[in-house]
Amino acid sequence: MGLPGRISSPWLLKAYMLLFAVIVIASGVLIYLLLLRNVFGYFTMDGQGFLDEDPARVAVLDSKHSRDYLAKTDLPMGESLAEVWAQWLADAGASVVKISDSELESWTASRSAGFDALVLPAAISLTALERERIDEYLAAGGGVVASWYTGARDEKGEWVGYEMIERFSNGRITDSPSLPDGVKPWFVSTSGHSPVTAGIPEGTILGALDGKLALAAYNVDWADGYYTDRARQFVDLEPEADRGPYSFALHTSAGDGRFVWFGMPLTAFHTKEQTANVPARLATNAVDWVARRPVAAIDTWPEGRRSAVIFAQDTESFYQASEETQRIFTELDVPVTFFCVSDLARDHEALTTRLAAVGEIGSHSDDHSPLGGVQYEKQLARITRTKADLEEITGQACVGFRPPEEKYDEETIRALAHAGYRYMVGGFEASSAVPAIHTIARGGTAWKRSKSNRIVEIPRVGVDDYELLVTQDLKDPRAVIEAYKTSFLAHYRMGTIYFLSFHTHLLTKQGVEDVIPKLVNYMRSKRVWIATGGDVANWWEARDGVRFRTEVLGPNRLGLYVSSEYDKPIPAINLRTYLPRSPGKITVTPSVIGFNAPSYTYERENDALVLNVEELRPFESRSFLVDFH
């Protein structure tokens with residue numbers, strides 16, 4: 001008989017020891033999580049919206065003077081703008097109060113201090129006292145978001161002018177009726193590196209309802225979006241005036257306060273399904289920034305590059321002429337992507353092998369006949385065969401596809417994923433000018449050959465040589481270069497990709513063979529990433545695996561949390577955070593002992609802290625403390 005208090009059975013002793021170990025480990029994990037919660041608060045991984053425990057307090061002006069004036073016009077304004085803004089902000093977690101004209105007039109320093117931001121949604125008609133209260137609020141460090149003709153008329157509807165908007169924005173305002181004949185800024189394209197567009201893909205196109213609803217700003221410090229045509233080329237009302245592109249949105253400091261202005265009511269857009277949430281996101285970002293809440297986003301391109309360029313040749317008819325492309329890019333030491341018609345590549349195997357030595361080989365189909373609208377099984381057979389043929393010739397993986405004549409459908413994308421491609425080049429009218437990722441449902445016997453159920457779609461944006469040399473019939477190489485520069489600069493300024501597409505028999509032919517070298521040298525003077533289609537696809541898929549969050553930990557402290565949801569290493573990324581105020585000193589430290597402090601830069605003109613997060617291992621998480629004084 002065993003002694004009292006002792007465990008006589010060895011297996012029972014082991015069970016007790018295992019239970020004790022589990023309790024210790026669970027307690028440790030719980031304590032660790034509680035400590036993290038105490039330091040960082042509740043984490044959410046999308047980096048957007050009013051998600052702090054203390055919601056933003058926002059006053060939205062529901063101006064009767066403005067409603068009365070608009071009721072006398074034929075402008076298609078629809079429902080109350082104040083009601084729409086209030087709903088957008090409330091959905092994002094803000095504490096919203098709608099105020100009247102008289103309530104704004106009665107604001108004192110103590111009353112206005114109760115709000116983090118004031119929204120003026122197309123408040124066209126304002127009294128002199130309302131203007132005075134807005135001035136006082138901004139002077140005291142408040143934040144104001146306005147749109148359209150705000151303050152351009154008095155309470156009786158009489159014209160006052162743009163003085164208030166121009167004074168706050170440090171820019172000049174013009175209205176759309178002064179546009180040249182035939183030029184209609186029915187589109188706006190969003191820009192990157194901006195707190196107002198954080199989380200919105202660069203070059204996202206929104207279409208306006210009516211030119212009457214459009215005001216443009218120029219000579220502004222920070223543009224968040226531009227009036228463009230469908231090809232994302234800038235609308236320039238008076239080129240000879242050297243005013244630069246015409247802005248749809250801007251943000252700036254106004255005295256001690258912050259100010260954002262939109263040139264149109266954000267309800268005035270025809271939006272597609274993929275852009276339906278953009279107006280609300282613009283609204284919440286704008287209020288976040290003027291309310292001095294951190295706004296963060298991952299930089300679009302690696303190593304702090306502003307834009308990306310892909311030189312891509314459709315290697316099709318006149319296949320032999322690609323030898324000149326090979327020579328040019330070998331001398332330039334610049335990557336190029338050849339989209340080869342594989343039946344022609346079979347006829348020129350030695351040349352195709354040489355092309356593969358200086359660039360990436362993608363497919364332009366087997367015989368250059370369109371795929372869109374063709375039965376899925378036939379598309380899959382052709383897509384699979386062209387990939388196999390090119391891989392056999394070059395000994396390299398063929399991961400990219402450019403559909404002939406830019407004709408493709410959902411079945412094309414599904415077939416590409418099932419055949420093992422990584423990316424495709426999309427059409428001219430993509431909703432944004434940066435890549436997108438398609439997730440393809442699993443299923444079917446063809447799926448067994450697939451390595452991934454995701455396809456990166458790279459938009460084909462920018463002019464190509466056919467348009468310039470054939471459609472426009474440009475003869476002078478200098479005119480061709482200037483046309484490319486104009487097109488490129490618009491995309492560079494917005495921070496998008498620039499897909500410079502050319503053909504075997506055009507841009508490298510005698511007489512214009514110097515165009516590419518001169519363009520490359522020009523682009524190298526900018527912060528541009530020149531890459532192959534495969535490089536861009538790899539980066540975009542890795543970037544898509546990053547999740548991040550900022551947390552306000554105190555008046556002078558932020559927590560930044562970054563994690564990987566990707567099963568491969570993620571290259572170094574830049575996490576751009578727009579700080580609540582301009583600091584005199586910044587300190588960044590890892591919150592976990594044993595990690596190195598990341599490098600960073602601070603862009604004072606925009607209060608942006610750019611944190612360089614070194615390569616993330618698969619499913620790794622890191623957290624940092626940012627102190628600023």
# chains A, B, ... in the order shown; residues from 1 in each chain; ligands from 1

$ residues_around --residues "A:Gly161" --least-positions-apart "6" --cutoff "10 Å" --atoms "only C-alpha atoms" --output "PyMOL selection string"
chain A and resi 149-154+173

$ residues_around --residues "A:Gly533" --least-positions-apart "5" --cutoff "12 Å" --atoms "only C-alpha atoms" --output "number ranges by chain"
A: 308-313, 335-339, 359-363, 398-402, 421-426, 435, 456-460, 497-501, 538-540

$ residues_around --residues "stretch 197-201 of chain A" --least-positions-apart "3" --cutoff "9 Å" --atoms "only C-alpha atoms" --output "PyMOL selection string"
chain A and resi 46-48+190-194+204+224-225+278+281-282+285-286+295-298+300+432-435+496

$ select_by_dssp --residues "stretch 340-537 of chain A" --states "alpha helix (DSSP H)" --output "ChimeraX atom specification"
/A:342-347,349-358,376-394,410-419,465,477-494,515-524,533-537

$ residues_around --residues "A:Pro590" --least-positions-apart "6" --cutoff "7 Å" --atoms "only C-alpha atoms" --output "list in words"
Asn596, Ala597, Ser623, Phe624 and Leu625 of chain A

$ atom_distance --atom1 "atom CA of A:Met523" --atom2 "atom CA of A:Val334"
11.4 Å

$ residues_around --residues "stretch 371-373 of chain A" --least-positions-apart "6" --cutoff "8 Å" --atoms "only C-alpha atoms" --output "number ranges by chain"
A: 379, 403-404, 407-409, 411-412

$ decode --residues "stretch 321-393 of chain A" --atoms "C-alpha atoms" --output "compact mmCIF listing (two decimals), in the first residue's frame"
# COMPACT_ATOMS: atom_id res chain seq x y z
CA ALA A 321 12.92 41.70 -86.25
CA SER A 322 13.11 40.83 -82.53
CA GLU A 323 16.88 40.48 -83.03
CA GLU A 324 17.03 44.28 -82.92
CA THR A 325 15.12 44.27 -79.62
CA GLN A 326 17.59 41.75 -78.26
CA ARG A 327 20.50 43.98 -79.27
CA ILE A 328 18.99 47.15 -77.78
CA PHE A 329 18.14 45.66 -74.39
CA THR A 330 21.43 43.77 -74.15
CA GLU A 331 23.30 47.05 -74.56
CA LEU A 332 21.01 48.87 -72.12
CA ASP A 333 21.21 46.03 -69.56
CA VAL A 334 17.50 46.49 -68.89
CA PRO A 335 14.97 43.65 -68.45
CA VAL A 336 12.44 43.10 -71.22
CA THR A 337 9.50 40.71 -71.56
CA PHE A 338 8.90 38.96 -74.89
CA PHE A 339 5.35 37.71 -75.41
CA CYS A 340 5.96 35.17 -78.16
CA VAL A 341 3.52 33.50 -80.52
CA SER A 342 4.68 29.94 -79.96
CA ASP A 343 3.97 28.65 -83.49
CA LEU A 344 6.33 31.35 -84.78
CA ALA A 345 8.80 30.60 -82.01
CA ARG A 346 8.91 27.02 -83.31
CA ASP A 347 10.02 28.39 -86.68
CA HIS A 348 12.77 30.49 -85.00
CA GLU A 349 13.96 28.33 -82.11
CA ALA A 350 17.56 29.59 -82.11
CA LEU A 351 16.42 33.22 -82.03
CA THR A 352 13.84 32.51 -79.30
CA THR A 353 16.58 30.93 -77.18
CA ARG A 354 18.69 34.08 -77.59
CA LEU A 355 15.72 36.22 -76.58
CA ALA A 356 15.31 34.15 -73.42
CA ALA A 357 18.93 34.93 -72.51
CA VAL A 358 18.23 38.68 -72.24
CA GLY A 359 14.66 38.70 -70.97
CA GLU A 360 11.59 36.81 -69.88
CA ILE A 361 9.61 34.71 -72.35
CA GLY A 362 5.84 34.81 -72.00
CA SER A 363 3.14 33.57 -74.33
CA HIS A 364 1.13 35.57 -76.85
CA SER A 365 -0.86 32.39 -77.61
CA ASP A 366 -0.09 29.65 -80.10
CA ASP A 367 -1.24 31.28 -83.34
CA HIS A 368 -2.39 34.82 -82.37
CA SER A 369 -6.08 34.09 -82.83
CA PRO A 370 -8.37 35.49 -80.09
CA LEU A 371 -9.37 33.40 -77.06
CA GLY A 372 -12.27 35.34 -75.56
CA GLY A 373 -15.62 33.70 -76.26
CA VAL A 374 -14.05 30.36 -77.18
CA GLN A 375 -15.19 27.23 -75.30
CA TYR A 376 -13.24 26.67 -72.09
CA GLU A 377 -11.78 23.28 -73.04
CA LYS A 378 -10.43 24.70 -76.31
CA GLN A 379 -8.92 27.70 -74.52
CA LEU A 380 -7.28 25.43 -71.96
CA ALA A 381 -5.83 23.17 -74.67
CA ARG A 382 -4.32 26.10 -76.57
CA ILE A 383 -3.03 27.83 -73.42
CA THR A 384 -1.45 24.62 -72.19
CA ARG A 385 0.16 23.82 -75.55
CA THR A 386 1.73 27.25 -76.07
CA LYS A 387 3.20 27.16 -72.56
CA ALA A 388 4.70 23.69 -73.11
CA ASP A 389 6.14 24.66 -76.50
CA LEU A 390 7.87 27.79 -75.21
CA GLU A 391 9.26 25.98 -72.17
CA GLU A 392 10.64 23.22 -74.36
CA ILE A 393 12.36 25.76 -76.65
